[in-house]
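J.: Sharing entry_9.tsv (TSV, C-alpha atoms) below.
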```tsv
chain	number	residue	atom	x	y	z
I	10	LEU	CA	98.10	185.57	149.50
I	11	ALA	CA	94.79	184.55	150.99
I	12	VAL	CA	91.90	186.98	151.17
I	13	VAL	CA	89.71	186.60	154.23
I	14	LEU	CA	86.13	187.65	153.63
I	15	PRO	CA	83.86	188.59	156.50
I	16	GLN	CA	81.22	186.09	157.50
I	17	PRO	CA	78.47	186.40	154.88
I	18	VAL	CA	75.66	186.26	157.45
I	19	ALA	CA	77.36	188.95	159.54
I	20	MET	CA	77.57	191.12	156.43
I	21	LEU	CA	73.88	190.47	155.64
I	22	LEU	CA	72.93	191.32	159.23
I	23	SER	CA	74.87	194.57	158.95
I	24	ILE	CA	72.94	195.45	155.78
I	25	ALA	CA	69.61	194.42	157.34
I	26	ARG	CA	70.23	196.84	160.21
I	27	ARG	CA	70.58	199.81	157.87
I	28	PRO	CA	67.69	202.21	157.26
I	29	PHE	CA	67.67	201.82	153.46
I	30	LEU	CA	64.45	199.88	152.85
I	31	ASP	CA	65.44	198.30	149.53
I	32	LEU	CA	68.77	196.99	150.83
I	33	HIS	CA	67.23	196.01	154.15
I	34	MET	CA	64.52	193.92	152.49
I	35	GLU	CA	66.93	192.24	150.08
I	36	ALA	CA	69.22	191.28	152.96
I	37	LEU	CA	66.24	189.77	154.81
I	38	ASN	CA	65.28	187.85	151.65
I	39	VAL	CA	68.75	186.31	151.44
I	40	ILE	CA	68.62	185.47	155.17
I	41	LEU	CA	65.26	183.76	154.54
I	42	SER	CA	66.88	181.61	151.87
I	43	LEU	CA	69.71	180.72	154.24
I	44	ALA	CA	67.28	179.88	157.05
I	45	GLN	CA	65.84	177.09	154.92
I	46	ASN	CA	69.18	175.29	154.72
I	47	HIS	CA	71.11	173.42	157.39
I	48	TRP	CA	74.40	175.02	156.35
I	49	GLY	CA	72.76	178.46	156.42
I	50	GLN	CA	71.57	177.83	159.98
I	51	GLN	CA	75.11	176.83	160.94
I	52	GLU	CA	76.36	180.16	159.58
I	53	MET	CA	73.62	182.10	161.40
I	54	LYS	CA	74.26	180.61	164.83
I	55	VAL	CA	77.88	181.80	164.94
I	56	VAL	CA	77.10	185.45	164.21
I	57	PRO	CA	77.04	187.45	167.45
I	58	GLY	CA	73.71	189.22	167.91
I	59	PHE	CA	71.94	187.43	165.07
I	60	VAL	CA	69.33	185.65	167.19
I	61	GLU	CA	68.77	188.77	169.29
I	62	TYR	CA	68.18	190.80	166.12
I	63	LEU	CA	65.81	188.19	164.77
I	64	LEU	CA	63.74	188.08	167.97
I	65	ASP	CA	63.67	191.85	168.48
I	66	ARG	CA	60.35	193.05	167.09
I	67	ARG	CA	61.36	196.71	167.41
I	68	THR	CA	63.72	196.45	164.45
I	69	GLU	CA	60.83	196.40	161.97
I	70	THR	CA	58.36	199.24	161.63
I	71	GLU	CA	56.83	198.48	158.23
I	72	ARG	CA	54.45	195.62	157.40
I	73	PRO	CA	56.66	193.99	154.71
I	74	GLY	CA	59.65	193.90	157.07
I	75	LYS	CA	57.58	192.40	159.89
I	76	GLU	CA	56.21	189.75	157.55
I	77	LEU	CA	59.60	188.88	156.12
I	78	LYS	CA	61.24	188.64	159.53
I	79	TYR	CA	58.37	186.38	160.63
I	80	ASP	CA	58.94	184.24	157.51
I	81	ILE	CA	62.57	183.79	158.57
I	82	VAL	CA	61.54	182.69	162.07
I	83	HIS	CA	58.84	180.41	160.64
I	84	ALA	CA	61.37	178.81	158.26
I	85	LEU	CA	63.64	178.09	161.21
I	86	VAL	CA	60.83	176.69	163.35
I	87	SER	CA	59.65	174.51	160.45
I	88	SER	CA	63.14	173.17	159.84
I	89	SER	CA	64.11	169.74	161.12
I	90	THR	CA	67.62	170.94	161.98
I	91	ALA	CA	67.20	174.37	163.63
I	92	GLU	CA	66.53	173.11	167.15
I	93	HIS	CA	69.77	171.13	167.05
I	94	GLU	CA	71.72	174.05	165.58
I	95	PHE	CA	70.44	176.84	167.82
I	96	GLY	CA	69.76	174.84	170.97
I	97	SER	CA	66.55	174.25	172.89
I	98	SER	CA	66.44	177.57	174.75
I	99	VAL	CA	66.70	179.62	171.55
I	100	PHE	CA	64.32	177.30	169.71
I	101	VAL	CA	61.65	177.85	172.40
I	102	LYS	CA	61.95	181.61	171.83
I	103	LEU	CA	61.70	181.14	168.06
I	104	ARG	CA	58.58	178.98	168.48
I	105	LYS	CA	57.00	181.61	170.73
I	106	TYR	CA	57.69	184.30	168.13
I	107	ASP	CA	56.23	182.03	165.44
I	108	ARG	CA	53.04	181.39	167.46
I	109	GLU	CA	52.57	185.09	168.18
I	110	GLY	CA	52.72	185.97	164.50
I	111	PRO	CA	54.32	188.86	162.64
I	112	PHE	CA	52.29	191.68	164.19
I	113	PHE	CA	52.35	190.76	167.87
I	114	VAL	CA	52.63	193.70	170.23
I	115	GLY	CA	53.53	192.93	173.81
I	116	GLU	CA	51.69	194.34	176.76
I	117	THR	CA	52.04	198.06	177.24
I	118	THR	CA	51.82	199.79	180.55
I	119	VAL	CA	50.37	203.27	180.85
I	120	ALA	CA	51.08	205.32	183.91
I	121	PHE	CA	48.52	207.82	185.09
I	122	GLN	CA	49.31	210.76	187.29
I	123	GLU	CA	46.58	211.94	189.60
I	124	ALA	CA	46.10	215.67	189.68
```
When written as structure tokens, how does the structure in this file appear?
T.:
Amino acid sequence: LAVVLPQPVAMLLSIARRPFLDLHMEALNVILSLAQNHWGQQEMKVVPGFVEYLLDRRTETERPGKELKYDIVHALVSSSTAEHEFGSSVFVKLRKYDREGPFFVGETTVAFQEA
């Protein structure tokens, strides 16, 4: 009888998406460790929604989370294998995120109504 475990990165992503700060941060720490390894990058690329989560700045509201998520992106950008694993189009997005830093806020548009 074989037991099939869910993909570990998918499970970590599920935990990282939860609102419990201590679990959330620990999941991101494990993902950071995985990002520094070729085999970890291979696991990440097959998880649906992983890259989108990583590049979505709205998922982090606290400074430590923003910094840790940036550290994950920076580890991927600094890796010699991530561009091959994730592909050029994703790697360009990761590099952009890395250049913008952990606290980048995109342009905001304010609409004014004339009275």
J.: Residues within 12 Å of region 65-78 of chain I, please, as number ranges by chain. Count all atoms listed in the file; anything in the same chain fewer than 4 positions from it doesn't count.
T.: I: 22, 25-42, 44, 58-61, 82-85, 102-103, 106-107, 109-115
J.: Can you write out the residues you just picked, keeping C-alpha atoms, as a CSV table (one decimal), in the coordinates of the input?
T.:
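Full text of selection_32.csv as output:
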```csv
chain,number,residue,atom,x,y,z
I,22,LEU,CA,72.9,191.3,159.2
I,25,ALA,CA,69.6,194.4,157.3
I,26,ARG,CA,70.2,196.8,160.2
I,27,ARG,CA,70.6,199.8,157.9
I,28,PRO,CA,67.7,202.2,157.3
I,29,PHE,CA,67.7,201.8,153.5
I,30,LEU,CA,64.4,199.9,152.8
I,31,ASP,CA,65.4,198.3,149.5
I,32,LEU,CA,68.8,197.0,150.8
I,33,HIS,CA,67.2,196.0,154.2
I,34,MET,CA,64.5,193.9,152.5
I,35,GLU,CA,66.9,192.2,150.1
I,36,ALA,CA,69.2,191.3,153.0
I,37,LEU,CA,66.2,189.8,154.8
I,38,ASN,CA,65.3,187.8,151.6
I,39,VAL,CA,68.8,186.3,151.4
I,40,ILE,CA,68.6,185.5,155.2
I,41,LEU,CA,65.3,183.8,154.5
I,42,SER,CA,66.9,181.6,151.9
I,44,ALA,CA,67.3,179.9,157.0
I,58,GLY,CA,73.7,189.2,167.9
I,59,PHE,CA,71.9,187.4,165.1
I,60,VAL,CA,69.3,185.6,167.2
I,61,GLU,CA,68.8,188.8,169.3
I,82,VAL,CA,61.5,182.7,162.1
I,83,HIS,CA,58.8,180.4,160.6
I,84,ALA,CA,61.4,178.8,158.3
I,85,LEU,CA,63.6,178.1,161.2
I,102,LYS,CA,62.0,181.6,171.8
I,103,LEU,CA,61.7,181.1,168.1
I,106,TYR,CA,57.7,184.3,168.1
I,107,ASP,CA,56.2,182.0,165.4
I,109,GLU,CA,52.6,185.1,168.2
I,110,GLY,CA,52.7,186.0,164.5
I,111,PRO,CA,54.3,188.9,162.6
I,112,PHE,CA,52.3,191.7,164.2
I,113,PHE,CA,52.4,190.8,167.9
I,114,VAL,CA,52.6,193.7,170.2
I,115,GLY,CA,53.5,192.9,173.8
```
J.: Extending 3 Å beyond the listed atoms of region 98-107 of chain I on each side, what axis-aligned box results? I want centre and edge lengths in Å to one decimal, as AutoDock Vina command-line options.
T.:
```
--center_x 61.5 --center_y 180.8 --center_z 170.1 --size_x 16.5 --size_y 13.0 --size_z 15.3
```
J.: What is the distance, in Å and to one decimal place, between CA of Ser88 (chain I) and CA of Trp48 (chain I)?
T.: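 Going from CA of Ser88 (chain I) over to CA of Trp48 (chain I) covers 11.9 Å.
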J.: Pick the closest to Gln45 (chain I) from I:Arg104, I:Ile24, I:Ile81, I:Glu92: which is it, counting all atoms listed in the file?
T.: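 Using all atoms listed in the file, Gln45 (chain I) sits closest to I:Ile81.
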J.: Of the residues I:Met53, I:Val99, I:Ala91, I:Leu64, which is the one nearest to Met20 (chain I), using only C-alpha atoms?
T.: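 So, comparing all the options, the nearest one is I:Met53.
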J.: Please identify all polymer residues within 9 Å of Phe95 (chain I), counting all atoms listed in the file, omitting same-chain residues fewer than 5 positions from it, and present them as a PyMOL selection string.
T.: chain I and resi 50-51+53-54+60+90+100
